[in-house]
file data_26.csv (CSV, C-alpha atoms and all ligand atoms)
chain,number,residue,atom,x,y,z
R,23,MET,CA,92.2,132.7,56.3
R,24,ARG,CA,94.1,130.7,59.0
R,25,VAL,CA,95.3,133.4,61.4
R,26,LEU,CA,97.7,133.2,64.3
R,27,VAL,CA,97.1,135.9,66.8
R,28,THR,CA,100.0,136.6,69.2
R,29,GLY,CA,98.9,138.2,72.5
R,30,GLY,CA,95.4,137.2,71.7
R,31,ALA,CA,94.3,137.0,75.4
R,32,GLY,CA,95.2,140.7,76.0
R,33,TYR,CA,92.9,143.7,75.8
R,34,ILE,CA,93.0,144.5,72.0
R,35,GLY,CA,93.9,140.9,71.0
R,36,SER,CA,90.8,139.4,72.7
R,37,HIS,CA,88.4,141.8,70.9
R,38,THR,CA,90.1,141.2,67.6
R,39,VAL,CA,90.0,137.4,67.9
R,40,VAL,CA,86.3,137.5,68.5
R,41,GLN,CA,85.8,139.6,65.3
R,42,LEU,CA,88.1,137.4,63.2
R,43,ALA,CA,86.4,134.3,64.3
R,44,ARG,CA,82.9,135.7,63.7
R,45,ALA,CA,84.0,136.8,60.2
R,46,GLY,CA,84.8,133.2,59.4
R,47,HIS,CA,88.6,133.1,59.9
R,48,GLU,CA,90.2,130.1,61.6
R,49,VAL,CA,92.0,131.7,64.5
R,50,SER,CA,94.6,130.3,66.9
R,51,VAL,CA,96.1,132.2,69.8
R,52,VAL,CA,99.5,132.2,71.4
R,53,ASP,CA,99.9,134.1,74.7
R,54,ASP,CA,102.3,133.6,77.7
R,55,PHE,CA,99.8,135.4,80.0
R,56,SER,CA,102.5,137.8,81.2
R,57,ASN,CA,99.8,140.5,81.2
R,58,SER,CA,96.5,138.6,80.9
R,59,ARG,CA,94.5,135.7,82.3
R,60,PRO,CA,93.5,132.3,80.9
R,61,SER,CA,89.9,133.0,81.9
R,62,ALA,CA,89.8,135.8,79.3
R,63,MET,CA,90.2,133.1,76.6
R,64,ALA,CA,87.2,131.1,77.8
R,65,ARG,CA,85.1,134.2,77.3
R,66,VAL,CA,86.6,134.9,73.9
R,67,SER,CA,85.6,131.4,72.8
R,68,GLU,CA,82.1,132.0,74.2
R,69,LEU,CA,81.7,135.2,72.2
R,70,ALA,CA,83.4,133.7,69.1
R,71,GLY,CA,80.9,130.9,69.2
R,72,ARG,CA,83.6,128.2,69.0
R,73,ASP,CA,86.7,127.0,70.8
R,74,ILE,CA,89.7,129.1,69.9
R,75,PRO,CA,92.9,126.9,70.0
R,76,LEU,CA,95.4,128.3,72.5
R,77,GLU,CA,99.0,127.7,73.2
R,78,SER,CA,100.8,129.3,76.1
R,79,PHE,CA,104.4,130.2,75.6
R,80,ASP,CA,106.7,133.2,74.9
R,81,VAL,CA,106.6,134.0,71.2
R,82,GLY,CA,110.3,135.0,71.5
R,83,ASP,CA,110.9,131.2,71.7
R,84,VAL,CA,111.8,130.5,68.1
R,85,GLU,CA,111.8,126.8,68.5
R,86,ARG,CA,108.3,126.6,69.9
R,87,LEU,CA,106.9,129.2,67.5
R,88,GLY,CA,108.5,127.4,64.6
R,89,ASP,CA,106.8,124.2,65.7
R,90,LEU,CA,103.5,125.9,65.9
R,91,MET,CA,103.9,127.6,62.5
R,92,ASP,CA,104.9,124.3,61.0
R,93,ARG,CA,101.8,122.6,62.3
R,94,GLY,CA,99.4,125.5,61.8
R,95,ARG,CA,99.8,126.3,58.0
R,96,PHE,CA,98.8,129.9,58.7
R,97,ASP,CA,98.1,132.5,56.1
R,98,ALA,CA,98.6,135.4,58.4
R,99,VAL,CA,99.8,136.5,61.8
R,100,VAL,CA,98.3,139.4,63.8
R,101,HIS,CA,101.0,140.3,66.2
R,102,PHE,CA,99.9,142.0,69.4
R,103,ALA,CA,102.3,140.4,71.9
R,104,ALA,CA,104.4,143.0,73.6
R,105,TYR,CA,104.9,144.8,77.0
R,106,LYS,CA,103.2,148.1,76.9
R,107,ALA,CA,103.6,150.2,80.1
R,108,VAL,CA,105.6,153.4,79.4
R,109,GLY,CA,106.7,154.0,83.0
R,110,GLU,CA,107.8,150.4,83.5
R,111,SER,CA,109.8,150.6,80.3
R,112,VAL,CA,111.9,153.4,81.7
R,113,GLU,CA,112.6,151.2,84.8
R,114,ARG,CA,113.1,148.0,82.9
R,115,PRO,CA,114.4,149.0,79.5
R,116,ILE,CA,116.3,145.7,78.9
R,117,ALA,CA,113.3,143.6,79.6
R,118,TYR,CA,111.2,145.7,77.2
R,119,TYR,CA,113.8,145.6,74.4
R,120,ARG,CA,114.2,141.8,74.9
R,121,ASN,CA,110.5,141.1,74.9
R,122,ASN,CA,109.3,143.5,72.3
R,123,LEU,CA,112.1,143.1,69.8
R,124,GLY,CA,112.6,139.3,70.5
R,125,ALA,CA,109.0,138.6,69.9
R,126,THR,CA,108.9,140.4,66.5
R,127,LEU,CA,112.2,138.9,65.4
R,128,ALA,CA,110.9,135.4,66.2
R,129,VAL,CA,107.6,136.1,64.4
R,130,VAL,CA,109.1,137.4,61.2
R,131,GLU,CA,111.9,134.8,61.2
R,132,THR,CA,109.4,131.9,61.5
R,133,MET,CA,107.0,133.5,59.0
R,134,VAL,CA,109.8,133.5,56.4
R,135,ARG,CA,110.8,130.0,57.3
R,136,TYR,CA,107.3,128.6,57.0
R,137,ALA,CA,106.2,130.8,54.1
R,138,VAL,CA,103.5,132.7,56.0
R,139,PRO,CA,103.1,135.9,53.9
R,140,HIS,CA,100.8,138.3,55.8
R,141,LEU,CA,101.6,140.2,59.0
R,142,VAL,CA,99.5,142.8,60.8
R,143,PHE,CA,101.6,144.6,63.5
R,144,SER,CA,100.5,146.6,66.5
R,145,SER,CA,102.3,149.9,66.3
R,146,SER,CA,101.4,153.1,68.1
R,147,ALA,CA,100.9,156.8,67.7
R,148,THR,CA,103.8,157.0,70.2
R,149,VAL,CA,106.1,156.7,67.2
R,150,TYR,CA,105.3,160.3,66.3
R,151,GLY,CA,107.5,161.4,69.2
R,152,ALA,CA,107.2,164.5,71.3
R,153,ASP,CA,106.5,167.5,69.1
R,154,ALA,CA,104.5,166.2,66.2
R,155,PRO,CA,101.9,168.5,64.6
R,156,VAL,CA,98.2,167.5,64.8
R,157,PRO,CA,96.4,165.9,63.1
R,158,MET,CA,99.2,163.4,62.7
R,159,THR,CA,99.7,161.9,59.3
R,160,GLU,CA,101.6,158.7,58.4
R,161,GLN,CA,104.3,160.7,56.6
R,162,LEU,CA,105.6,162.3,59.8
R,163,PRO,CA,109.1,161.3,60.9
R,164,THR,CA,109.2,158.7,63.7
R,165,SER,CA,111.0,159.0,67.1
R,166,ALA,CA,110.3,158.2,70.7
R,167,THR,CA,110.5,159.6,74.2
R,168,ASN,CA,110.8,156.3,76.2
R,169,PRO,CA,112.0,152.7,75.8
R,170,TYR,CA,108.5,151.4,75.1
R,171,GLY,CA,108.1,153.9,72.2
R,172,TRP,CA,111.6,153.0,70.9
R,173,THR,CA,110.6,149.4,70.7
R,174,LYS,CA,107.7,150.4,68.4
R,175,VAL,CA,110.0,152.6,66.2
R,176,MET,CA,112.6,149.7,66.1
R,177,ASN,CA,110.0,147.1,65.3
R,178,GLU,CA,108.7,149.2,62.4
R,179,GLN,CA,112.3,149.4,61.1
R,180,ILE,CA,112.9,145.7,61.4
R,181,LEU,CA,109.7,145.0,59.4
R,182,ARG,CA,110.7,147.7,56.7
R,183,ASP,CA,114.0,145.9,56.3
R,184,ALA,CA,112.4,142.4,56.3
R,185,VAL,CA,110.1,143.2,53.4
R,186,VAL,CA,113.0,144.4,51.3
R,187,ALA,CA,114.9,141.2,51.7
R,188,HIS,CA,111.8,138.9,51.6
R,189,PRO,CA,109.5,140.3,48.9
R,190,GLU,CA,106.9,137.6,49.5
R,191,LEU,CA,106.0,139.3,52.8
R,192,ARG,CA,103.0,141.7,53.1
R,193,VAL,CA,103.1,143.8,56.2
R,194,ALA,CA,100.7,146.3,57.8
R,195,LEU,CA,101.9,148.7,60.5
R,196,LEU,CA,98.8,149.9,62.4
R,197,ARG,CA,99.4,153.0,64.5
R,198,TYR,CA,96.8,153.0,67.2
R,199,PHE,CA,95.8,156.2,69.0
R,200,ASN,CA,94.2,155.7,72.4
R,201,PRO,CA,92.2,152.4,72.6
R,202,VAL,CA,89.3,152.4,75.1
R,203,GLY,CA,85.9,150.7,75.6
R,204,SER,CA,85.1,147.1,75.6
R,205,HIS,CA,82.9,144.5,73.9
R,206,PRO,CA,79.2,145.6,74.3
R,207,SER,CA,78.4,142.3,76.1
R,208,GLY,CA,80.6,143.4,79.0
R,209,ARG,CA,82.2,139.9,79.0
R,210,ILE,CA,85.7,141.0,77.8
R,211,GLY,CA,87.5,144.3,78.4
R,212,GLU,CA,90.6,146.0,79.7
R,213,ASP,CA,91.9,144.5,82.9
R,214,PRO,CA,95.0,146.3,84.2
R,215,SER,CA,97.0,144.0,86.6
R,216,ASP,CA,98.1,146.9,88.7
R,217,VAL,CA,97.1,150.6,89.3
R,218,PRO,CA,96.0,151.7,85.8
R,219,ASN,CA,98.4,154.0,84.0
R,220,ASN,CA,95.8,155.1,81.4
R,221,LEU,CA,93.0,157.5,81.9
R,222,MET,CA,89.9,155.4,80.9
R,223,PRO,CA,90.6,152.4,83.2
R,224,TYR,CA,91.5,154.7,86.0
R,225,LEU,CA,88.3,156.7,85.6
R,226,ALA,CA,86.3,153.5,85.5
R,227,GLN,CA,87.8,152.3,88.8
R,228,VAL,CA,87.0,155.6,90.5
R,229,ALA,CA,83.4,155.5,89.3
R,230,VAL,CA,83.0,151.9,90.6
R,231,GLY,CA,84.5,152.9,94.0
R,232,ARG,CA,87.8,151.0,93.7
R,233,ARG,CA,89.8,154.3,93.8
R,234,GLU,CA,89.1,157.5,95.7
R,235,LYS,CA,89.7,160.1,93.0
R,236,LEU,CA,91.3,160.8,89.6
R,237,SER,CA,94.5,162.9,89.4
R,238,VAL,CA,94.2,165.1,86.3
R,239,PHE,CA,97.7,165.6,85.1
R,240,GLY,CA,97.8,169.4,84.4
R,241,ASP,CA,95.2,172.0,83.3
R,242,ASP,CA,97.6,174.5,81.9
R,243,TYR,CA,98.2,173.0,78.4
R,244,ASP,CA,97.5,175.0,75.3
R,245,THR,CA,94.1,173.3,74.7
R,246,PRO,CA,90.5,174.6,75.0
R,247,ASP,CA,90.1,173.6,78.7
R,248,GLY,CA,93.8,173.3,79.5
R,249,THR,CA,93.8,169.5,79.9
R,250,GLY,CA,95.4,167.0,77.6
R,251,VAL,CA,93.6,166.1,74.3
R,252,ARG,CA,93.7,162.6,72.9
R,253,ASP,CA,92.1,160.6,70.1
R,254,TYR,CA,90.2,157.9,72.0
R,255,ILE,CA,89.1,155.0,69.7
R,256,HIS,CA,86.7,152.3,70.7
R,257,VAL,CA,88.4,148.9,70.8
R,258,GLU,CA,85.7,147.4,68.6
R,259,ASP,CA,86.4,149.9,65.9
R,260,LEU,CA,90.1,149.2,66.4
R,261,ALA,CA,89.5,145.4,66.0
R,262,ALA,CA,87.5,146.0,62.8
R,263,GLY,CA,90.5,148.0,61.5
R,264,HIS,CA,92.7,144.8,61.8
R,265,LEU,CA,90.2,142.8,59.7
R,266,ALA,CA,90.2,145.5,57.1
R,267,ALA,CA,94.0,145.7,57.0
R,268,LEU,CA,94.2,141.9,56.7
R,269,ASP,CA,91.8,142.0,53.7
R,270,ARG,CA,93.7,144.8,52.1
R,271,ILE,CA,97.2,143.4,52.4
R,272,SER,CA,96.1,140.0,51.1
R,273,ALA,CA,94.5,141.6,48.0
R,274,HIS,CA,97.2,144.1,47.1
R,275,ASP,CA,100.8,143.8,46.2
R,276,ARG,CA,102.3,146.6,48.3
R,277,PRO,CA,104.9,145.0,50.6
R,278,LEU,CA,104.5,147.4,53.5
R,279,SER,CA,101.6,149.7,54.4
R,280,VAL,CA,101.2,152.1,57.4
R,281,TRP,CA,97.8,153.2,58.6
R,282,ASN,CA,96.7,155.4,61.5
R,283,LEU,CA,93.8,153.9,63.4
R,284,GLY,CA,92.1,156.8,65.1
R,285,THR,CA,88.9,158.8,64.9
R,286,GLY,CA,90.5,162.1,64.0
R,287,ARG,CA,88.7,163.8,66.9
R,288,GLY,CA,90.3,165.1,70.1
R,289,THR,CA,88.7,164.8,73.5
R,290,SER,CA,90.1,166.5,76.6
R,291,VAL,CA,90.6,164.8,80.0
R,292,LEU,CA,87.8,166.8,81.5
R,293,GLU,CA,85.5,166.1,78.6
R,294,LEU,CA,86.1,162.4,79.1
R,295,VAL,CA,85.5,162.7,82.8
R,296,HIS,CA,82.1,164.3,82.2
R,297,ALA,CA,81.1,161.9,79.5
R,298,PHE,CA,81.9,159.0,81.9
R,299,GLU,CA,79.8,160.6,84.7
R,300,ARG,CA,76.9,160.8,82.3
R,301,ALA,CA,77.3,157.2,81.1
R,302,SER,CA,77.7,155.8,84.6
R,303,GLY,CA,75.4,158.1,86.5
R,304,ARG,CA,78.1,158.3,89.1
R,305,PRO,CA,80.3,161.3,90.1
R,306,VAL,CA,84.0,161.0,89.3
R,307,PRO,CA,85.9,163.1,91.9
R,308,TYR,CA,89.1,164.5,90.6
R,309,GLU,CA,92.0,166.8,91.6
R,310,VAL,CA,94.2,168.7,89.2
R,311,VAL,CA,97.9,167.9,89.9
R,312,ASP,CA,101.2,168.6,88.1
R,313,ARG,CA,101.7,167.6,84.5
R,314,ARG,CA,103.0,164.0,84.0
R,315,PRO,CA,106.5,164.1,82.6
R,316,GLY,CA,106.6,163.2,78.9
R,317,ASP,CA,103.0,164.0,78.1
R,318,VAL,CA,102.1,166.2,75.1
R,319,ALA,CA,99.2,168.7,75.0
R,320,ALA,CA,97.4,167.1,72.0
R,321,SER,CA,97.6,163.9,70.0
R,322,TYR,CA,95.0,163.0,67.3
R,323,ALA,CA,95.1,161.2,64.0
R,324,ASP,CA,94.5,162.2,60.5
R,325,PRO,CA,92.6,158.9,59.6
R,326,THR,CA,92.1,159.8,55.9
R,327,LEU,CA,94.5,157.2,54.6
R,328,ALA,CA,92.8,154.3,56.4
R,329,GLU,CA,89.4,155.6,55.2
R,330,ARG,CA,90.6,155.8,51.6
R,331,GLU,CA,92.6,152.6,51.4
R,332,LEU,CA,90.8,150.3,53.9
R,333,GLY,CA,87.3,151.6,53.5
R,334,TRP,CA,87.4,151.6,57.3
R,335,ARG,CA,86.4,154.3,59.7
R,336,ALA,CA,85.7,154.5,63.4
R,337,THR,CA,81.9,154.8,64.0
R,338,ARG,CA,81.6,154.6,67.8
R,339,SER,CA,81.2,157.8,69.9
R,340,VAL,CA,82.9,158.8,73.1
R,341,GLU,CA,79.5,158.1,74.7
R,342,ASP,CA,79.6,154.5,73.4
R,343,MET,CA,83.2,154.2,74.7
R,344,CYS,CA,82.2,155.2,78.2
R,345,ALA,CA,78.9,153.2,78.2
R,346,ASP,CA,80.8,150.0,77.2
R,347,THR,CA,83.7,150.6,79.6
R,348,TRP,CA,81.1,151.1,82.4
R,349,ARG,CA,79.2,147.9,81.5
R,350,TRP,CA,82.5,145.9,81.7
R,351,GLN,CA,83.6,147.6,84.9
R,352,GLN,CA,80.3,147.1,86.7
R,353,ALA,CA,80.0,143.4,85.7
R,354,ASN,CA,83.7,142.7,86.5
R,355,PRO,CA,84.7,145.2,89.3
R,356,ASP,CA,87.9,143.2,90.0
R,357,GLY,CA,88.6,142.2,86.4
R,358,TYR,CA,88.7,138.6,85.1
R,359,PRO,CA,88.4,135.7,87.6
R,360,VAL,CA,91.8,134.3,88.5
R,401,LIG,P1,97.9,143.6,76.6
R,401,LIG,O1,99.0,143.6,77.5
R,401,LIG,O2,96.5,143.6,77.1
R,401,LIG,O3,98.1,142.4,75.5
R,401,LIG,C1,99.3,142.0,75.2
R,401,LIG,C2,99.3,140.4,75.3
R,401,LIG,O4,100.5,139.9,74.9
R,401,LIG,C3,99.0,140.0,76.8
R,401,LIG,O5,98.0,139.0,76.8
R,401,LIG,C4,100.4,139.4,77.2
R,401,LIG,O6,100.2,138.3,78.1
R,401,LIG,C5,100.9,138.9,75.8
R,401,LIG,N1,102.4,138.9,75.7
R,401,LIG,C6,103.3,139.9,76.0
R,401,LIG,N2,104.5,139.5,75.6
R,401,LIG,C7,104.4,138.2,75.2
R,401,LIG,C8,105.3,137.2,74.7
R,401,LIG,N3,106.7,137.5,74.6
R,401,LIG,N4,104.9,136.0,74.2
R,401,LIG,C9,103.5,135.7,74.3
R,401,LIG,N5,102.6,136.6,74.8
R,401,LIG,C10,103.1,137.8,75.2
R,401,LIG,O7,98.1,144.9,75.6
R,401,LIG,P2,97.1,145.6,74.6
R,401,LIG,O8,96.6,146.9,75.1
R,401,LIG,O9,96.1,144.6,74.1
R,401,LIG,O10,98.1,145.9,73.4
R,401,LIG,C11,98.3,145.0,72.3
R,401,LIG,C12,99.4,145.6,71.4
R,401,LIG,O11,99.0,146.9,71.0
R,401,LIG,C13,100.7,145.8,72.1
R,401,LIG,O12,101.7,145.5,71.1
R,401,LIG,C14,100.8,147.2,72.4
R,401,LIG,O13,102.1,147.8,72.5
R,401,LIG,C15,100.0,147.8,71.3
R,401,LIG,N6,99.4,149.1,71.6
R,401,LIG,C16,98.5,149.2,72.7
R,401,LIG,C17,98.0,150.5,73.0
R,401,LIG,C18,97.1,150.7,74.2
R,401,LIG,O14,96.9,151.8,74.6
R,401,LIG,N7,96.5,149.6,74.7
R,401,LIG,C19,98.2,151.6,72.1
R,401,LIG,C20,99.0,151.4,71.0
R,401,LIG,C21,99.6,150.2,70.8
R,402,LIG,C1,95.5,160.3,78.3
R,402,LIG,C2,95.4,161.7,78.9
R,402,LIG,C3,97.1,162.2,80.5
R,402,LIG,C4,95.9,159.2,83.5
R,402,LIG,C5,99.6,156.1,76.5
R,402,LIG,C6,101.0,155.8,76.0
R,402,LIG,C7,100.9,155.5,74.5
R,402,LIG,C8,99.8,154.5,74.1
R,402,LIG,C9,98.5,154.8,74.8
R,402,LIG,C10,100.7,152.4,73.7
R,402,LIG,C11,96.7,162.4,79.0
R,402,LIG,C12,95.7,162.2,81.2
R,402,LIG,C13,96.0,160.0,82.4
R,402,LIG,C14,95.5,159.8,84.7
R,402,LIG,C15,95.3,161.9,83.6
R,402,LIG,N1,100.1,153.2,74.5
R,402,LIG,N2,95.7,161.4,82.4
R,402,LIG,N3,95.2,161.2,84.7
R,402,LIG,O1,99.5,159.1,77.6
R,402,LIG,O2,98.0,159.5,75.6
R,402,LIG,O3,99.1,157.3,75.8
R,402,LIG,O4,98.7,155.1,76.2
R,402,LIG,O5,101.2,152.5,72.6
R,402,LIG,O6,102.2,155.1,74.1
R,402,LIG,O7,101.9,156.8,76.3
R,402,LIG,O8,97.3,157.9,77.4
R,402,LIG,O9,95.5,157.3,78.9
R,402,LIG,O10,97.8,157.6,79.8
R,402,LIG,O11,96.5,159.5,79.1
R,402,LIG,O12,95.0,163.2,83.7
R,402,LIG,O13,95.5,159.2,85.8
R,402,LIG,O14,94.9,161.6,80.3
R,402,LIG,O15,97.9,163.3,81.0
R,402,LIG,O16,96.4,163.8,78.8
R,402,LIG,P1,98.5,158.6,76.6
R,402,LIG,P2,96.8,158.0,78.9
call {"tool": "encode", "arguments": {"input": "data_26.csv", "output": "C-alpha cells"}}
result
Amino acid sequence: MRVLVTGGAGYIGSHTVVQLARAGHEVSVVDDFSNSRPSAMARVSELAGRDIPLESFDVGDVERLGDLMDRGRFDAVVHFAAYKAVGESVERPIAYYRNNLGATLAVVETMVRYAVPHLVFSSSATVYGADAPVPMTEQLPTSATNPYGWTKVMNEQILRDAVVAHPELRVALLRYFNPVGSHPSGRIGEDPSDVPNNLMPYLAQVAVGRREKLSVFGDDYDTPDGTGVRDYIHVEDLAAGHLAALDRISAHDRPLSVWNLGTGRGTSVLELVHAFERASGRPVPYEVVDRRPGDVAASYADPTLAERELGWRATRSVEDMCADTWRWQQANPDGYPV
C-alpha cells in the first residue's frame, strides 16, 4: 500500500514507519517537528533500507495536506500527529484542542476529498477515564480527566460520525496502553524534549546519570506493592499492531473498529525500577513522594479482541523493554543530534 504517516518522525511513528517500509509498503511522512527532530528521519531511512519521502508542515493546514494527498495517491493514512503531554494540556488547553482536533479534521476531510479509504488512528487508554475496571475492554464507556484525554475522546467521536456519512471510509481506533522501549538497534527511541513526564524515560535518564533520582508517585495505592500498576507495551509490538490493523481494515468491510493494544499484564512502578536496574546493571535511586494528581491505581488492557481479530499479540517482555530502552539511552544520552 501507499501509506502516509503523520507524525512519523515521533517516537511511535518512527518505529512504525520502519516496520511499514520493511514490510514492503511505500511510506511517506509528514511532520512539523514540533516534538521531534529531522535527524530522527535520517535514522528511520537507514533502518528502513531506503529513503522515506518527508514533508515538513502542520497537518492541520488543509491546503498543504490536500496538495500532498492529491500528489501521493495514498491508500491509507496512519495518523500519529498530536500533542501528547497531559500536564501541558491542562496549561494550554486551547493549543491542544486546536492541534489535536484540527489535525484530525484536516486528515479526514482530505481523505474524503481525495478518496483515501483507510485510516489508522492513535487513540489511548486514557479514553477509559478515571474509574474504569481492569482489565479494560473496548466496550467500556469513554471519558477523560484532562484536555489531552478529551482530545482523544473527541477525535474518536469525529471519526465515528465521519464513517456514518462517508461509508467508503475504513477506520481503526487503536487504544495504546503505555508504550516504552525502542528499536533493538538503539538507533531510534523516545527522546523527550524536556524533563520526562513518563516513568520509563525518567528511569533511563536516572540510570545514565542525567538525573539524580526518581520520584515514585505514591506507595499507598491498592496494588500488591502500593505503587501504580500499568500495562507497558514494547513500541516494536505496538508498531506491529498498526501493520496488523491496516491489513485487517483493508480486507474487511466493517467501517470502524476499536482495538486495545496492550499486553494484558500489569507491572508496578517498583517492579519496573528493579527490572531496569537488572537490565542496565546500574542502581536507580528513588524516593517515594505524594501521589500525582489524576493518577489511577491500576490500568491494563484486555487484549483479547486484538488477538482474535488481528491475529496480533505483544510478545516482548518487560526485560526486553528495559534492555532496549537502555541500549538507546546509552548510545544517545542526550537524545537525537540537533
Ligand atoms: P511524539 O510527540 O513523539 O510524536 C508525535 C509527532 O507528531 C511528533 O513528531 C510531532 O512533531 C508531530 N506533530 C504533532 N502535531 C503535528 C501537526 N499538527 N502536524 C504535523 N506534525 C505534528 O508522540 P508519540 O509518543 O509518538 O505519540 C504518537 C501518537 O500516539 C499521538 O497521537 C499520541 O497522542 C498517541 N499516544 C501516545 C502514547 C504515549 O505514551 N507515547 C500513548 C497513547 C497514545
Ligand atoms: C506510569 C506510572 C505514575 C513518572 C501517561 C498518560 C496517558 C498515556 C501514557 C498518552 C504511574 C508513575 C511516573 C515518575 C512515577 N499517554 N510515575 N514517577 O500516567 O500511566 O500514562 O502516558 O495517551 O494518557 O497519562 O504513564 O509513565 O506517566 O506513569 O512514579 O516520574 O509511573 O504515577 O503509576 P501514565 P506514566
call {"tool": "residues_around", "arguments": {"input": "data_26.csv", "residues": "Ala152 in chain R", "least_positions_apart": "6", "cutoff": "9 Å", "atoms": "all atoms listed in the file", "output": "number ranges by chain"}}
result
R: 165-167, 316-318
call {"tool": "residues_near_ligand", "arguments": {"input": "data_26.csv", "ligand": "ligand LIG 401 (chain R)", "cutoff": "7 Å", "atoms": "only C-alpha atoms and all ligand atoms", "output": "ChimeraX atom specification"}}
result
/R:28-35,52-58,79-82,102-106,121-122,125,144-147,197-201,212
call {"tool": "closest_residue", "arguments": {"input": "data_26.csv", "among": "R:Pro223, R:Pro277, R:Gly46, R:Pro218", "to": "Cys344 in chain R", "atoms": "only C-alpha atoms"}}
result
R:Pro223
call {"tool": "closest_residue", "arguments": {"input": "data_26.csv", "among": "R:Asp275, R:Glu110, R:Glu331, R:Asp342", "to": "ligand LIG 402 (chain R)", "atoms": "all atoms listed in the file"}}
result
R:Glu110
call {"tool": "closest_residue", "arguments": {"input": "data_26.csv", "among": "R:Val142, R:Ala154, R:Leu236, R:Met63", "to": "ligand LIG 402 (chain R)", "atoms": "only C-alpha atoms and all ligand atoms"}}
result
R:Leu236
call {"tool": "atom_distance", "arguments": {"input": "data_26.csv", "atom1": "CA of Phe239 in chain R", "atom2": "CA of His37 in chain R"}}
result
29.2 Å
call {"tool": "closest_residue", "arguments": {"input": "data_26.csv", "among": "R:Val84, R:Val280, R:Ala107, R:Val238", "to": "ligand LIG 402 (chain R)", "atoms": "all atoms listed in the file"}}
result
R:Val238
call {"tool": "atom_distance", "arguments": {"input": "data_26.csv", "atom1": "atom C9 of ligand LIG 402 (chain R)", "atom2": "CA of Thr289 in chain R"}}
result
14.1 Å
call {"tool": "closest_residue", "arguments": {"input": "data_26.csv", "among": "R:Ala353, R:Ala137, R:Leu294, R:Ala70", "to": "ligand LIG 402 (chain R)", "atoms": "all atoms listed in the file"}}
result
R:Leu294
call {"tool": "residues_near_point", "arguments": {"input": "data_26.csv", "point": "(98.2, 173.0, 79.6)", "cutoff": "12 Å", "atoms": "all atoms listed in the file", "output": "list in words"}}
result
Val238, Phe239, Gly240, Asp241, Asp242, Tyr243, Asp244, Thr245, Pro246, Asp247, Gly248, Thr249, Gly250, Val251, Ser290, Val291, Val310, Val311, Asp312, Arg313, Arg314, Asp317, Val318, Ala319 and Ala320 of chain R
call {"tool": "residues_near_point", "arguments": {"input": "data_26.csv", "point": "(86.6, 138.0, 66.2)", "cutoff": "9 Å", "atoms": "only C-alpha atoms", "output": "VMD selection string"}}
result
chain R and resid 36 to 47 49 66 69 to 70 261 to 262 265
call {"tool": "write_last_selection", "arguments": {"input": "data_26.csv", "atoms": "C-alpha atoms", "output": "short mmCIF file (atom, residue, chain, number, x, y, z; two decimals), in the coordinates of the input"}}
result
data_model
loop_
_atom_site.label_atom_id
_atom_site.label_comp_id
_atom_site.auth_asym_id
_atom_site.auth_seq_id
_atom_site.Cartn_x
_atom_site.Cartn_y
_atom_site.Cartn_z
CA SER R 36 90.80 139.40 72.70
CA HIS R 37 88.40 141.80 70.90
CA THR R 38 90.10 141.20 67.60
CA VAL R 39 90.00 137.40 67.90
CA VAL R 40 86.30 137.50 68.50
CA GLN R 41 85.80 139.60 65.30
CA LEU R 42 88.10 137.40 63.20
CA ALA R 43 86.40 134.30 64.30
CA ARG R 44 82.90 135.70 63.70
CA ALA R 45 84.00 136.80 60.20
CA GLY R 46 84.80 133.20 59.40
CA HIS R 47 88.60 133.10 59.90
CA VAL R 49 92.00 131.70 64.50
CA VAL R 66 86.60 134.90 73.90
CA LEU R 69 81.70 135.20 72.20
CA ALA R 70 83.40 133.70 69.10
CA ALA R 261 89.50 145.40 66.00
CA ALA R 262 87.50 146.00 62.80
CA LEU R 265 90.20 142.80 59.70
#
call {"tool": "atom_distance", "arguments": {"input": "data_26.csv", "atom1": "CA of His264 in chain R", "atom2": "atom C5 of ligand LIG 402 (chain R)"}}
result
19.8 Å
call {"tool": "closest_residue", "arguments": {"input": "data_26.csv", "among": "R:Trp348, R:Tyr136, R:Tyr150, R:Tyr118", "to": "Phe298 in chain R", "atoms": "all atoms listed in the file"}}
result
R:Trp348
call {"tool": "residues_around", "arguments": {"input": "data_26.csv", "residues": "Arg338 in chain R", "least_positions_apart": "6", "cutoff": "8 Å", "atoms": "all atoms listed in the file", "output": "number ranges by chain"}}
result
R: 255-256, 259
call {"tool": "residues_around", "arguments": {"input": "data_26.csv", "residues": "range 176-179 of chain R", "least_positions_apart": "4", "cutoff": "7 Å", "atoms": "all atoms listed in the file", "output": "PyMOL selection string"}}
result
chain R and resi 123+126+172+183
